$ cat coords-v9.txt   # compact mmCIF, C-alpha atoms
# COMPACT_ATOMS: atom_id res chain seq x y z
CA MET U 12 24.19 12.12 -2.99
CA ASP U 13 26.82 12.67 -5.73
CA LEU U 14 25.10 10.87 -8.59
CA LYS U 15 27.42 12.44 -11.16
CA GLY U 16 30.35 10.79 -9.44
CA VAL U 17 28.93 7.27 -9.89
CA ILE U 18 28.18 7.68 -13.63
CA ARG U 19 31.22 6.65 -15.66
CA ASN U 20 32.37 8.77 -18.58
CA VAL U 21 33.59 6.62 -21.50
CA PRO U 22 35.36 8.71 -24.15
CA ASP U 23 34.98 7.90 -27.85
CA PHE U 24 31.94 5.60 -27.50
CA PRO U 25 30.07 4.68 -29.65
CA LYS U 26 32.28 6.74 -31.99
CA PRO U 27 35.28 9.07 -31.75
CA GLY U 28 34.62 12.38 -30.02
CA ILE U 29 31.53 11.25 -28.05
CA GLN U 30 31.67 11.30 -24.22
CA PHE U 31 29.37 8.40 -23.34
CA LYS U 32 27.59 8.51 -19.97
CA ASP U 33 27.64 4.96 -18.60
CA ILE U 34 24.98 4.18 -15.99
CA THR U 35 26.20 0.63 -15.34
CA THR U 36 28.47 1.96 -12.56
CA LEU U 37 25.44 3.61 -10.94
CA LEU U 38 23.57 0.28 -11.10
CA LEU U 39 26.46 -1.50 -9.36
CA ASN U 40 26.10 0.90 -6.42
CA PRO U 41 22.97 -0.01 -4.44
CA GLN U 42 22.94 3.27 -2.48
CA ALA U 43 23.06 5.26 -5.71
CA PHE U 44 20.35 3.15 -7.36
CA GLN U 45 18.08 3.45 -4.29
CA TYR U 46 18.62 7.23 -4.22
CA THR U 47 17.88 7.55 -7.97
CA ILE U 48 14.66 5.57 -7.77
CA ASN U 49 13.47 7.26 -4.59
CA CYS U 50 13.84 10.73 -6.16
CA PHE U 51 11.43 9.70 -8.92
CA VAL U 52 9.03 7.84 -6.65
CA ASP U 53 8.68 10.74 -4.22
CA ARG U 54 8.07 13.14 -7.08
CA TYR U 55 5.53 11.00 -8.94
CA THR U 56 3.64 10.06 -5.81
CA SER U 57 3.00 13.76 -5.25
CA LEU U 58 2.06 14.30 -8.93
CA ASN U 59 -0.59 11.58 -8.71
CA ILE U 60 0.80 9.59 -11.65
CA ASN U 61 -1.09 6.46 -12.61
CA ALA U 62 1.02 4.89 -15.37
CA ILE U 63 4.73 4.74 -16.20
CA VAL U 64 5.87 4.37 -19.81
CA ALA U 65 9.41 2.94 -19.95
CA VAL U 66 11.43 3.42 -23.15
CA GLU U 67 13.49 0.49 -24.50
CA SER U 68 15.94 -0.55 -23.32
CA ARG U 69 17.72 1.35 -20.53
CA GLY U 70 14.45 3.08 -19.68
CA PHE U 71 13.15 -0.36 -18.66
CA ILE U 72 15.71 -0.46 -15.81
CA PHE U 73 14.44 2.68 -14.12
CA GLY U 74 10.80 2.72 -15.28
CA SER U 75 10.07 -0.76 -13.97
CA VAL U 76 11.32 0.01 -10.45
CA ILE U 77 9.43 3.32 -10.36
CA ALA U 78 6.18 1.63 -11.45
CA TYR U 79 6.68 -1.16 -8.89
CA ASN U 80 7.04 1.39 -6.11
CA LEU U 81 4.10 3.50 -7.27
CA LYS U 82 2.01 0.31 -7.64
CA CYS U 83 0.86 1.56 -11.04
CA PRO U 84 0.79 -0.04 -14.51
CA LEU U 85 4.10 -0.33 -16.40
CA VAL U 86 3.87 0.27 -20.16
CA LEU U 87 6.66 -0.64 -22.59
CA ALA U 88 7.58 1.61 -25.53
CA ARG U 89 9.58 -0.76 -27.73
CA LYS U 90 11.64 -0.73 -30.90
CA LYS U 91 10.10 -1.95 -34.14
CA GLY U 92 8.91 -5.55 -34.29
CA LYS U 93 9.27 -6.44 -30.60
CA LEU U 94 5.67 -6.04 -29.38
CA PRO U 95 3.51 -9.01 -30.32
CA ALA U 96 -0.09 -7.74 -30.11
CA GLU U 97 -2.07 -4.95 -31.82
CA LYS U 98 0.00 -1.77 -31.70
CA ILE U 99 0.51 1.83 -32.80
CA THR U 100 3.73 3.16 -34.30
CA GLU U 101 5.62 6.47 -34.57
CA SER U 102 8.75 7.18 -36.58
CA PHE U 103 11.36 9.75 -35.64
CA ALA U 104 14.49 11.18 -37.27
CA LEU U 105 17.97 9.97 -36.35
CA GLU U 106 21.24 11.61 -37.35
CA TYR U 107 21.06 9.54 -40.53
CA GLY U 108 17.70 8.01 -41.38
CA TRP U 109 14.70 7.06 -39.26
CA ASP U 110 13.80 4.85 -36.35
CA THR U 111 10.45 3.58 -35.09
CA ILE U 112 8.90 3.16 -31.65
CA GLU U 113 5.77 1.16 -30.83
CA MET U 114 3.18 0.70 -28.08
CA HIS U 115 0.34 -1.79 -27.65
CA VAL U 116 -3.11 -0.30 -28.25
CA ASP U 117 -4.29 -1.65 -24.88
CA ALA U 118 -1.31 -0.18 -22.99
CA LEU U 119 -3.03 3.00 -21.75
CA LYS U 120 -6.57 4.11 -20.99
CA GLU U 121 -8.18 7.48 -21.69
CA GLY U 122 -7.35 10.04 -19.03
CA GLN U 123 -4.46 8.15 -17.35
CA ARG U 124 -1.78 10.50 -16.02
CA VAL U 125 1.47 9.27 -17.54
CA VAL U 126 5.19 9.83 -16.98
CA ILE U 127 7.62 8.71 -19.70
CA VAL U 128 10.90 7.40 -18.26
CA ASP U 129 14.25 6.96 -19.97
CA ASP U 130 17.84 6.94 -18.76
CA LEU U 131 19.10 9.89 -20.79
CA LEU U 132 17.70 12.95 -22.58
CA ALA U 133 19.79 13.83 -25.63
CA THR U 134 17.98 15.31 -28.65
CA GLY U 135 14.58 14.14 -27.41
CA GLY U 136 13.61 12.41 -30.64
CA THR U 137 12.57 9.08 -29.14
CA VAL U 138 10.56 10.55 -26.29
CA SER U 139 8.83 13.02 -28.64
CA ALA U 140 7.57 10.02 -30.59
CA VAL U 141 6.48 8.28 -27.38
CA VAL U 142 4.49 11.40 -26.38
CA LYS U 143 2.57 11.10 -29.66
CA LEU U 144 1.78 7.44 -28.91
CA VAL U 145 0.54 8.34 -25.41
CA LYS U 146 -1.72 11.07 -26.82
CA GLN U 147 -3.02 8.76 -29.56
CA LEU U 148 -4.31 6.48 -26.78
CA LYS U 149 -5.94 9.55 -25.12
CA ALA U 150 -3.82 9.34 -21.99
CA ILE U 151 -2.25 12.51 -20.55
CA PRO U 152 1.55 12.97 -20.65
CA ILE U 153 2.39 14.80 -17.41
CA GLU U 154 6.19 14.78 -17.57
CA ALA U 155 9.24 13.08 -19.05
CA GLY U 156 11.72 11.87 -16.41
CA PHE U 157 15.41 11.12 -17.02
CA VAL U 158 18.36 10.18 -14.88
CA ILE U 159 20.72 12.19 -17.13
CA GLU U 160 20.15 15.27 -19.29
CA LEU U 161 22.57 16.64 -21.88
CA PRO U 162 21.34 20.27 -22.02
CA ALA U 163 23.53 21.21 -24.99
CA LEU U 164 21.44 18.93 -27.24
CA LYS U 165 18.25 20.91 -26.41
CA GLY U 166 15.97 17.91 -25.92
CA ARG U 167 14.04 19.92 -23.33
CA GLU U 168 13.06 22.43 -26.02
CA ILE U 169 11.97 19.69 -28.43
CA LEU U 170 9.68 18.23 -25.79
CA GLN U 171 7.96 21.53 -24.97
CA PRO U 172 5.32 22.08 -23.64
CA LEU U 173 5.86 18.77 -21.78
CA PRO U 174 7.77 19.33 -18.51
CA VAL U 175 11.15 17.60 -18.25
CA PHE U 176 12.70 16.37 -15.02
CA SER U 177 16.29 15.13 -14.78
CA LEU U 178 18.50 14.19 -11.84
CA VAL U 179 21.90 15.16 -13.27
CA GLN U 180 23.06 17.29 -16.17
CA PHE U 181 26.33 16.96 -18.08
CA ASP U 182 27.72 19.77 -20.23
CA ASP U 183 30.40 17.69 -21.98
CA ILE U 184 29.03 15.59 -24.76
CA MET T 1 -2.25 -15.60 -7.66
CA ASP T 2 -3.10 -16.78 -11.20
CA LEU T 3 -0.03 -15.46 -13.04
CA LYS T 4 -0.74 -17.63 -16.08
CA GLY T 5 -4.04 -15.84 -16.48
CA VAL T 6 -2.40 -12.40 -16.80
CA ILE T 7 0.16 -13.49 -19.42
CA ARG T 8 -1.28 -13.03 -22.90
CA ASN T 9 -0.87 -15.71 -25.54
CA VAL T 10 -0.26 -14.25 -29.00
CA PRO T 11 -0.48 -16.90 -31.72
CA ASP T 12 1.82 -16.79 -34.75
CA PHE T 13 4.35 -14.30 -33.33
CA PRO T 14 7.11 -13.72 -34.29
CA LYS T 15 6.35 -16.31 -36.97
CA PRO T 16 3.52 -18.70 -37.94
CA GLY T 17 3.04 -21.55 -35.49
CA ILE T 18 4.68 -19.92 -32.47
CA GLN T 19 2.55 -19.27 -29.36
CA PHE T 20 4.21 -16.11 -27.97
CA LYS T 21 3.92 -15.48 -24.23
CA ASP T 22 3.36 -11.74 -23.79
CA ILE T 23 4.32 -10.33 -20.38
CA THR T 24 3.12 -6.79 -21.17
CA THR T 25 -0.31 -7.68 -19.80
CA LEU T 26 1.32 -8.82 -16.54
CA LEU T 27 3.18 -5.49 -16.34
CA LEU T 28 -0.09 -3.58 -16.75
CA ASN T 29 -1.46 -5.34 -13.66
CA PRO T 30 0.21 -3.89 -10.55
CA GLN T 31 -0.97 -6.74 -8.28
CA ALA T 32 0.51 -9.33 -10.64
CA PHE T 33 3.79 -7.42 -11.00
CA GLN T 34 4.09 -7.00 -7.19
CA TYR T 35 3.40 -10.70 -6.72
CA THR T 36 5.97 -11.70 -9.36
CA ILE T 37 8.73 -9.55 -7.89
CA ASN T 38 7.97 -10.54 -4.31
CA CYS T 39 8.29 -14.25 -5.14
CA PHE T 40 11.84 -13.65 -6.36
CA VAL T 41 12.79 -11.26 -3.58
CA ASP T 42 11.63 -13.62 -0.84
CA ARG T 43 13.53 -16.49 -2.43
CA TYR T 44 16.78 -14.60 -3.05
CA THR T 45 16.80 -12.98 0.37
CA SER T 46 16.85 -16.46 1.88
CA LEU T 47 19.54 -17.64 -0.60
CA ASN T 48 21.84 -14.78 0.49
CA ILE T 49 22.30 -13.47 -3.07
CA ASN T 50 24.58 -10.47 -3.49
CA ALA T 51 24.34 -9.60 -7.19
CA ILE T 52 21.62 -9.80 -9.85
CA VAL T 53 22.55 -10.20 -13.52
CA ALA T 54 19.70 -9.01 -15.77
CA VAL T 55 19.61 -10.21 -19.38
CA GLU T 56 18.76 -7.70 -22.15
CA SER T 57 16.10 -6.58 -22.66
CA ARG T 58 13.03 -8.02 -20.89
CA GLY T 59 15.27 -9.38 -18.15
CA PHE T 60 16.02 -5.74 -17.27
CA ILE T 61 12.38 -5.23 -16.27
CA PHE T 62 12.39 -7.93 -13.60
CA GLY T 63 16.09 -7.98 -12.65
CA SER T 64 16.20 -4.28 -11.84
CA VAL T 65 13.27 -4.43 -9.42
CA ILE T 66 14.63 -7.55 -7.73
CA ALA T 67 18.07 -5.92 -7.25
CA TYR T 68 16.44 -2.73 -5.92
CA ASN T 69 14.54 -4.72 -3.32
CA LEU T 70 17.54 -6.86 -2.35
CA LYS T 71 19.68 -3.67 -2.17
CA CYS T 72 22.37 -5.50 -4.15
CA PRO T 73 24.34 -4.58 -7.30
CA LEU T 74 22.54 -4.84 -10.66
CA VAL T 75 24.66 -6.14 -13.54
CA LEU T 76 23.61 -5.86 -17.20
CA ALA T 77 24.24 -8.68 -19.69
CA ARG T 78 23.83 -6.89 -23.02
CA LYS T 79 23.72 -7.62 -26.72
CA LYS T 80 26.79 -6.97 -28.82
CA GLY T 81 28.08 -3.41 -29.02
CA LYS T 82 25.91 -1.85 -26.32
CA LEU T 83 28.30 -1.81 -23.33
CA PRO T 84 30.81 1.05 -23.55
CA ALA T 85 33.68 0.02 -21.26
CA GLU T 86 36.10 -2.92 -21.11
CA LYS T 87 34.11 -6.14 -21.49
CA ILE T 88 34.06 -9.89 -21.98
CA THR T 89 32.03 -11.65 -24.66
CA GLU T 90 30.38 -15.04 -25.25
CA SER T 91 28.72 -16.31 -28.41
CA PHE T 92 25.87 -18.79 -28.51
CA ALA T 93 23.98 -20.64 -31.21
CA LEU T 94 20.60 -19.50 -32.49
CA GLU T 95 18.24 -21.48 -34.71
CA TYR T 96 20.14 -20.02 -37.67
CA GLY T 97 23.55 -18.53 -36.91
CA TRP T 98 25.07 -17.03 -33.78
CA ASP T 99 24.43 -14.24 -31.30
CA THR T 100 26.71 -12.59 -28.76
CA ILE T 101 26.25 -11.42 -25.16
CA GLU T 102 28.60 -9.15 -23.23
CA MET T 103 29.37 -8.03 -19.68
CA HIS T 104 31.70 -5.35 -18.30
CA VAL T 105 34.87 -6.75 -16.70
CA ASP T 106 34.18 -4.69 -13.54
CA ALA T 107 30.58 -5.96 -13.26
CA LEU T 108 31.22 -8.73 -10.73
CA LYS T 109 33.75 -9.49 -8.03
CA GLU T 110 35.31 -12.84 -7.13
CA GLY T 111 33.05 -14.88 -4.85
CA GLN T 112 29.84 -12.87 -5.33
CA ARG T 113 26.73 -15.06 -5.18
CA VAL T 114 24.84 -14.34 -8.38
CA VAL T 115 21.36 -14.96 -9.77
CA ILE T 116 20.78 -14.52 -13.50
CA VAL T 117 17.30 -13.15 -14.28
CA ASP T 118 15.36 -13.22 -17.55
CA ASP T 119 11.69 -13.16 -18.43
CA LEU T 120 11.52 -16.52 -20.20
CA LEU T 121 13.47 -19.78 -20.37
CA ALA T 122 13.24 -21.34 -23.83
CA THR T 123 16.29 -23.28 -25.11
CA GLY T 124 18.59 -21.69 -22.52
CA GLY T 125 21.22 -20.57 -25.03
CA THR T 126 21.48 -16.97 -23.88
CA VAL T 127 21.63 -17.74 -20.17
CA SER T 128 24.19 -20.53 -20.75
CA ALA T 129 26.45 -17.88 -22.29
CA VAL T 130 25.79 -15.51 -19.37
CA VAL T 131 26.77 -18.26 -16.91
CA LYS T 132 30.14 -18.49 -18.69
CA LEU T 133 30.63 -14.73 -18.34
CA VAL T 134 29.81 -14.87 -14.62
CA LYS T 135 32.32 -17.68 -14.08
CA GLN T 136 34.99 -15.87 -16.11
CA LEU T 137 34.75 -13.04 -13.55
CA LYS T 138 35.09 -15.65 -10.75
CA ALA T 139 31.66 -14.95 -9.32
CA ILE T 140 29.41 -17.88 -8.33
CA PRO T 141 26.20 -18.55 -10.31
CA ILE T 142 23.68 -19.76 -7.71
CA GLU T 143 20.54 -19.98 -9.84
CA ALA T 144 18.81 -18.77 -13.00
CA GLY T 145 15.39 -17.23 -12.33
CA PHE T 146 12.62 -16.81 -14.91
CA VAL T 147 9.03 -15.64 -14.85
CA ILE T 148 8.10 -18.16 -17.56
CA GLU T 149 9.54 -21.55 -18.49
CA LEU T 150 8.76 -23.55 -21.64
CA PRO T 151 9.70 -27.04 -20.40
CA ALA T 152 9.33 -28.64 -23.85
CA LEU T 153 12.41 -26.74 -25.04
CA LYS T 154 14.56 -28.33 -22.31
CA GLY T 155 16.42 -25.17 -21.29
CA ARG T 156 16.59 -26.55 -17.75
CA GLU T 157 18.70 -29.46 -18.99
CA ILE T 158 21.05 -27.20 -20.94
CA LEU T 159 21.67 -25.12 -17.81
CA GLN T 160 22.53 -28.13 -15.61
CA PRO T 161 24.07 -28.25 -13.04
CA LEU T 162 22.81 -24.67 -12.39
CA PRO T 163 19.45 -24.71 -10.57
CA VAL T 164 16.52 -23.16 -12.47
CA PHE T 165 13.58 -21.42 -10.82
CA SER T 166 10.46 -20.35 -12.75
CA LEU T 167 7.11 -18.99 -11.64
CA VAL T 168 4.92 -20.39 -14.42
CA GLN T 169 5.31 -23.10 -17.03
CA PHE T 170 3.56 -23.33 -20.40
CA ASP T 171 3.34 -26.55 -22.36
CA ASP T 172 2.08 -25.01 -25.61
CA ILE T 173 4.83 -23.42 -27.63

$ encode --input "coords-v9.txt" --output "structure tokens"
Amino acid sequence: MDLKGVIRNVPDFPKPGIQFKDITTLLLNPQAFQYTINCFVDRYTSLNINAIVAVESRGFIFGSVIAYNLKCPLVLARKKGKLPAEKITESFALEYGWDTIEMHVDALKEGQRVVIVDDLLATGGTVSAVVKLVKQLKAIPIEAGFVIELPALKGREILQPLPVFSLVQFDDI
Amino acid sequence: MDLKGVIRNVPDFPKPGIQFKDITTLLLNPQAFQYTINCFVDRYTSLNINAIVAVESRGFIFGSVIAYNLKCPLVLARKKGKLPAEKITESFALEYGWDTIEMHVDALKEGQRVVIVDDLLATGGTVSAVVKLVKQLKAIPIEAGFVIELPALKGREILQPLPVFSLVQFDDI
């Protein structure tokens, strides 16, 4: 399946010079969405994964369907102030300033084999912070899974030694 | 299945006096999540629905899995500034001030039978605005579907004449 062909490129979003990869056109195409999800589900069935961590907010779209199909717990990694119960927090650097990601303390159990799911791997800052949260709860990060990877931004290197899996790669950013 | 029993009540979130209904505990329970999704899928199969509109951000979690199972297009209704391509916009009143919700102009086609999905029906302000966006694109809103309804806030009345479907209702808010 030509997944690249169903992802829309939007030039100059969110600011001039950026080539934004828009997954909404993939989501409008049921065959493409089925194919995308099934690639992950086949892979994570064979890797014996027993929890999916979905990263707010586009990661929710893919992570939730993967967890449903694997019949495993779905954990939300959310932006600051959204989770209501007792939680842990990690900050990470943005281009200018800092951002924060949070997870409930009861979200994962010791020894659970976890995949972190998001729509796109850019610099890897958010998912690096999520890996720290997973480890703090003594679960085991097995892999980070993305629909799209932008290899030029070297997120894969930032996430080392965690394996990275992505369905499509774009060289223009 | 006792869905109410797997939804956590968090008192005084996000502010004193509010009884927050936390779906993260439902998502951690694969049986409860399967049951939740299957209720919607059974219903919307029989209603011959051909597009799901998921409302940012917790609506993404349920809407995406429902659309995957129905094998129908998934449309995102997003907060201001998140959608990259040509879009339409509706504003709605909050307790203090206004918020805005957006949808891509190519998200729906004329005559498509649409269900709008979110996690929780409170006052109905957001989904009322989404209904306007759906109609602007000449698609047909058939129903709004929620995991949780807070009947005391009368969202169901605000959404009239659109039918509302919810899996569980809480009287304490």

$ residues_near_point --input "coords-v9.txt" --point "(13.4, -5.1, -8.9)" --cutoff "9 Å" --atoms "only C-alpha atoms" --output "list in words"
Ile72, Ser75, Val76 and Tyr79 of chain U; Ile37, Asn38, Val41, Phe60, Ile61, Phe62, Gly63, Ser64, Val65, Ile66, Ala67, Tyr68, Asn69 and Leu70 of chain T

$ closest_atom_pairs --input "coords-v9.txt" --of "chain U" --to "chain T" --cutoff "7 Å" --atoms "all atoms listed in the file" --output "JSON lines"
{"residue": "U:Val21", "atom": "CA", "partner": "T:Pro84", "partner_atom": "CA", "distance": 6.6}
{"residue": "U:Phe24", "atom": "CA", "partner": "T:Pro84", "partner_atom": "CA", "distance": 6.1}
{"residue": "U:Leu38", "atom": "CA", "partner": "T:Leu74", "partner_atom": "CA", "distance": 5.2}
{"residue": "U:Leu39", "atom": "CA", "partner": "T:Pro73", "partner_atom": "CA", "distance": 4.3}
{"residue": "U:Asn40", "atom": "CA", "partner": "T:Pro73", "partner_atom": "CA", "distance": 5.8}
{"residue": "U:Pro41", "atom": "CA", "partner": "T:Lys71", "partner_atom": "CA", "distance": 5.4}
{"residue": "U:Gln45", "atom": "CA", "partner": "T:Tyr68", "partner_atom": "CA", "distance": 6.6}
{"residue": "U:Ser68", "atom": "CA", "partner": "T:Ser57", "partner_atom": "CA", "distance": 6.1}
{"residue": "U:Phe71", "atom": "CA", "partner": "T:Ile61", "partner_atom": "CA", "distance": 5.5}
{"residue": "U:Ile72", "atom": "CA", "partner": "T:Phe60", "partner_atom": "CA", "distance": 5.5}
{"residue": "U:Ser75", "atom": "CA", "partner": "T:Ile61", "partner_atom": "CA", "distance": 5.5}
{"residue": "U:Val76", "atom": "CA", "partner": "T:Val65", "partner_atom": "CA", "distance": 5.0}
{"residue": "U:Tyr79", "atom": "CA", "partner": "T:Gln34", "partner_atom": "CA", "distance": 6.6}
{"residue": "U:Lys82", "atom": "CA", "partner": "T:Pro30", "partner_atom": "CA", "distance": 5.4}
{"residue": "U:Cys83", "atom": "CA", "partner": "T:Pro30", "partner_atom": "CA", "distance": 5.5}
{"residue": "U:Pro84", "atom": "CA", "partner": "T:Leu28", "partner_atom": "CA", "distance": 4.3}
{"residue": "U:Leu85", "atom": "CA", "partner": "T:Leu27", "partner_atom": "CA", "distance": 5.2}
{"residue": "U:Val86", "atom": "CA", "partner": "T:Leu28", "partner_atom": "CA", "distance": 6.5}
{"residue": "U:Pro95", "atom": "CA", "partner": "T:Phe13", "partner_atom": "CA", "distance": 6.1}
{"residue": "U:Ala96", "atom": "CA", "partner": "T:Val10", "partner_atom": "CA", "distance": 6.6}

$ closest_residue --input "coords-v9.txt" --among "T:Val115, T:Leu159, T:Ile173, T:Ala152" --to "Asn48 in chain T" --atoms "all atoms listed in the file"
T:Val115

$ residues_around --input "coords-v9.txt" --residues "Gln123 in chain U" --least-positions-apart "6" --cutoff "9 Å" --atoms "all atoms listed in the file" --output "list of chain:residue names"
U:Ile60, U:Asn61, U:Ala62, U:Lys149, U:Ala150, U:Ile151, U:Pro152

$ atom_distance --input "coords-v9.txt" --atom1 "CA of Gly111 in chain T" --atom2 "CA of Val164 in chain T"
20.0 Å

$ atom_distance --input "coords-v9.txt" --atom1 "CA of Thr126 in chain T" --atom2 "CA of Phe92 in chain T"
6.6 Å

$ atom_distance --input "coords-v9.txt" --atom1 "CA of Asp183 in chain U" --atom2 "CA of Ala104 in chain U"
23.0 Å

$ residues_around --input "coords-v9.txt" --residues "range 130-132 of chain T" --least-positions-apart "4" --cutoff "8 Å" --atoms "all atoms listed in the file" --output "short mmCIF file (atom, residue, chain, number, x, y, z; two decimals) with C-alpha atoms, in the frame of the given file"
data_model
loop_
_atom_site.label_atom_id
_atom_site.label_comp_id
_atom_site.auth_asym_id
_atom_site.auth_seq_id
_atom_site.Cartn_x
_atom_site.Cartn_y
_atom_site.Cartn_z
CA ALA T 77 24.24 -8.68 -19.69
CA GLU T 90 30.38 -15.04 -25.25
CA ILE T 101 26.25 -11.42 -25.16
CA GLU T 102 28.60 -9.15 -23.23
CA ILE T 116 20.78 -14.52 -13.50
CA THR T 126 21.48 -16.97 -23.88
CA GLN T 136 34.99 -15.87 -16.11
CA PRO T 141 26.20 -18.55 -10.31
#

$ residues_around --input "coords-v9.txt" --residues "Phe176 in chain U" --least-positions-apart "4" --cutoff "9 Å" --atoms "only C-alpha atoms" --output "list of chain:residue names"
U:Glu154, U:Ala155, U:Gly156, U:Phe157, U:Val158, U:Glu160

$ write_last_selection --input "coords-v9.txt" --atoms "C-alpha atoms" --output "PDB file, in the frame of the given file"
ATOM      1  CA  GLU U 154       6.190  14.780 -17.570  1.00  0.00           C
ATOM      2  CA  ALA U 155       9.240  13.080 -19.050  1.00  0.00           C
ATOM      3  CA  GLY U 156      11.720  11.870 -16.410  1.00  0.00           C
ATOM      4  CA  PHE U 157      15.410  11.120 -17.020  1.00  0.00           C
ATOM      5  CA  VAL U 158      18.360  10.180 -14.880  1.00  0.00           C
ATOM      6  CA  GLU U 160      20.150  15.270 -19.290  1.00  0.00           C
TER       7      GLU U 160
END

$ residues_near_point --input "coords-v9.txt" --point "(21.8, 16.2, -16.6)" --cutoff "7 Å" --atoms "only C-alpha atoms" --output "list in words"
Ile159, Glu160, Leu161, Pro162, Ser177, Leu178, Val179, Gln180 and Phe181 of chain U

$ decode --input "coords-v9.txt" --residues "range 75-81 of chain U" --atoms "all heavy atoms" --output "mmCIF file, in the first residue's frame"
data_model
loop_
_atom_site.group_PDB
_atom_site.id
_atom_site.type_symbol
_atom_site.label_atom_id
_atom_site.label_comp_id
_atom_site.auth_asym_id
_atom_site.auth_seq_id
_atom_site.Cartn_x
_atom_site.Cartn_y
_atom_site.Cartn_z
ATOM 1 N N SER U 75 -4.897 3.964 20.379
ATOM 2 C CA SER U 75 -6.141 3.382 20.895
ATOM 3 C C SER U 75 -6.585 2.185 20.045
ATOM 4 O O SER U 75 -7.012 1.163 20.589
ATOM 5 C CB SER U 75 -7.241 4.432 20.940
ATOM 6 O OG SER U 75 -7.487 4.929 19.639
ATOM 7 N N VAL U 76 -6.465 2.298 18.729
ATOM 8 C CA VAL U 76 -6.909 1.209 17.857
ATOM 9 C C VAL U 76 -5.956 0.014 17.978
ATOM 10 O O VAL U 76 -6.394 -1.144 17.936
ATOM 11 C CB VAL U 76 -7.028 1.655 16.388
ATOM 12 C CG1 VAL U 76 -7.793 0.603 15.597
ATOM 13 C CG2 VAL U 76 -7.723 2.997 16.265
ATOM 14 N N ILE U 77 -4.666 0.290 18.137
ATOM 15 C CA ILE U 77 -3.694 -0.794 18.310
ATOM 16 C C ILE U 77 -3.998 -1.539 19.615
ATOM 17 O O ILE U 77 -4.057 -2.771 19.642
ATOM 18 C CB ILE U 77 -2.258 -0.242 18.289
ATOM 19 C CG1 ILE U 77 -1.953 0.376 16.915
ATOM 20 C CG2 ILE U 77 -1.253 -1.339 18.627
ATOM 21 C CD1 ILE U 77 -0.685 1.232 16.884
ATOM 22 N N ALA U 78 -4.194 -0.803 20.705
ATOM 23 C CA ALA U 78 -4.485 -1.445 21.997
ATOM 24 C C ALA U 78 -5.780 -2.249 21.937
ATOM 25 O O ALA U 78 -5.852 -3.365 22.475
ATOM 26 C CB ALA U 78 -4.578 -0.380 23.095
ATOM 27 N N TYR U 79 -6.797 -1.700 21.277
ATOM 28 C CA TYR U 79 -8.076 -2.419 21.133
ATOM 29 C C TYR U 79 -7.852 -3.763 20.451
ATOM 30 O O TYR U 79 -8.368 -4.790 20.886
ATOM 31 C CB TYR U 79 -9.053 -1.566 20.322
ATOM 32 C CG TYR U 79 -10.337 -2.267 19.942
ATOM 33 C CD1 TYR U 79 -11.436 -2.259 20.796
ATOM 34 C CD2 TYR U 79 -10.448 -2.963 18.737
ATOM 35 C CE1 TYR U 79 -12.607 -2.908 20.457
ATOM 36 C CE2 TYR U 79 -11.618 -3.615 18.387
ATOM 37 C CZ TYR U 79 -12.699 -3.587 19.247
ATOM 38 O OH TYR U 79 -13.854 -4.239 18.917
ATOM 39 N N ASN U 80 -7.062 -3.748 19.389
ATOM 40 C CA ASN U 80 -6.831 -4.987 18.640
ATOM 41 C C ASN U 80 -5.944 -5.977 19.398
ATOM 42 O O ASN U 80 -6.123 -7.191 19.263
ATOM 43 C CB ASN U 80 -6.220 -4.668 17.273
ATOM 44 C CG ASN U 80 -7.284 -4.247 16.274
ATOM 45 O OD1 ASN U 80 -8.050 -5.068 15.792
ATOM 46 N ND2 ASN U 80 -7.363 -2.954 15.994
ATOM 47 N N LEU U 81 -5.008 -5.458 20.162
ATOM 48 C CA LEU U 81 -4.134 -6.348 20.952
ATOM 49 C C LEU U 81 -4.841 -6.813 22.230
ATOM 50 O O LEU U 81 -4.323 -7.681 22.924
ATOM 51 C CB LEU U 81 -2.842 -5.616 21.341
ATOM 52 C CG LEU U 81 -1.866 -5.246 20.222
ATOM 53 C CD1 LEU U 81 -0.700 -4.435 20.791
ATOM 54 C CD2 LEU U 81 -1.332 -6.483 19.501
#
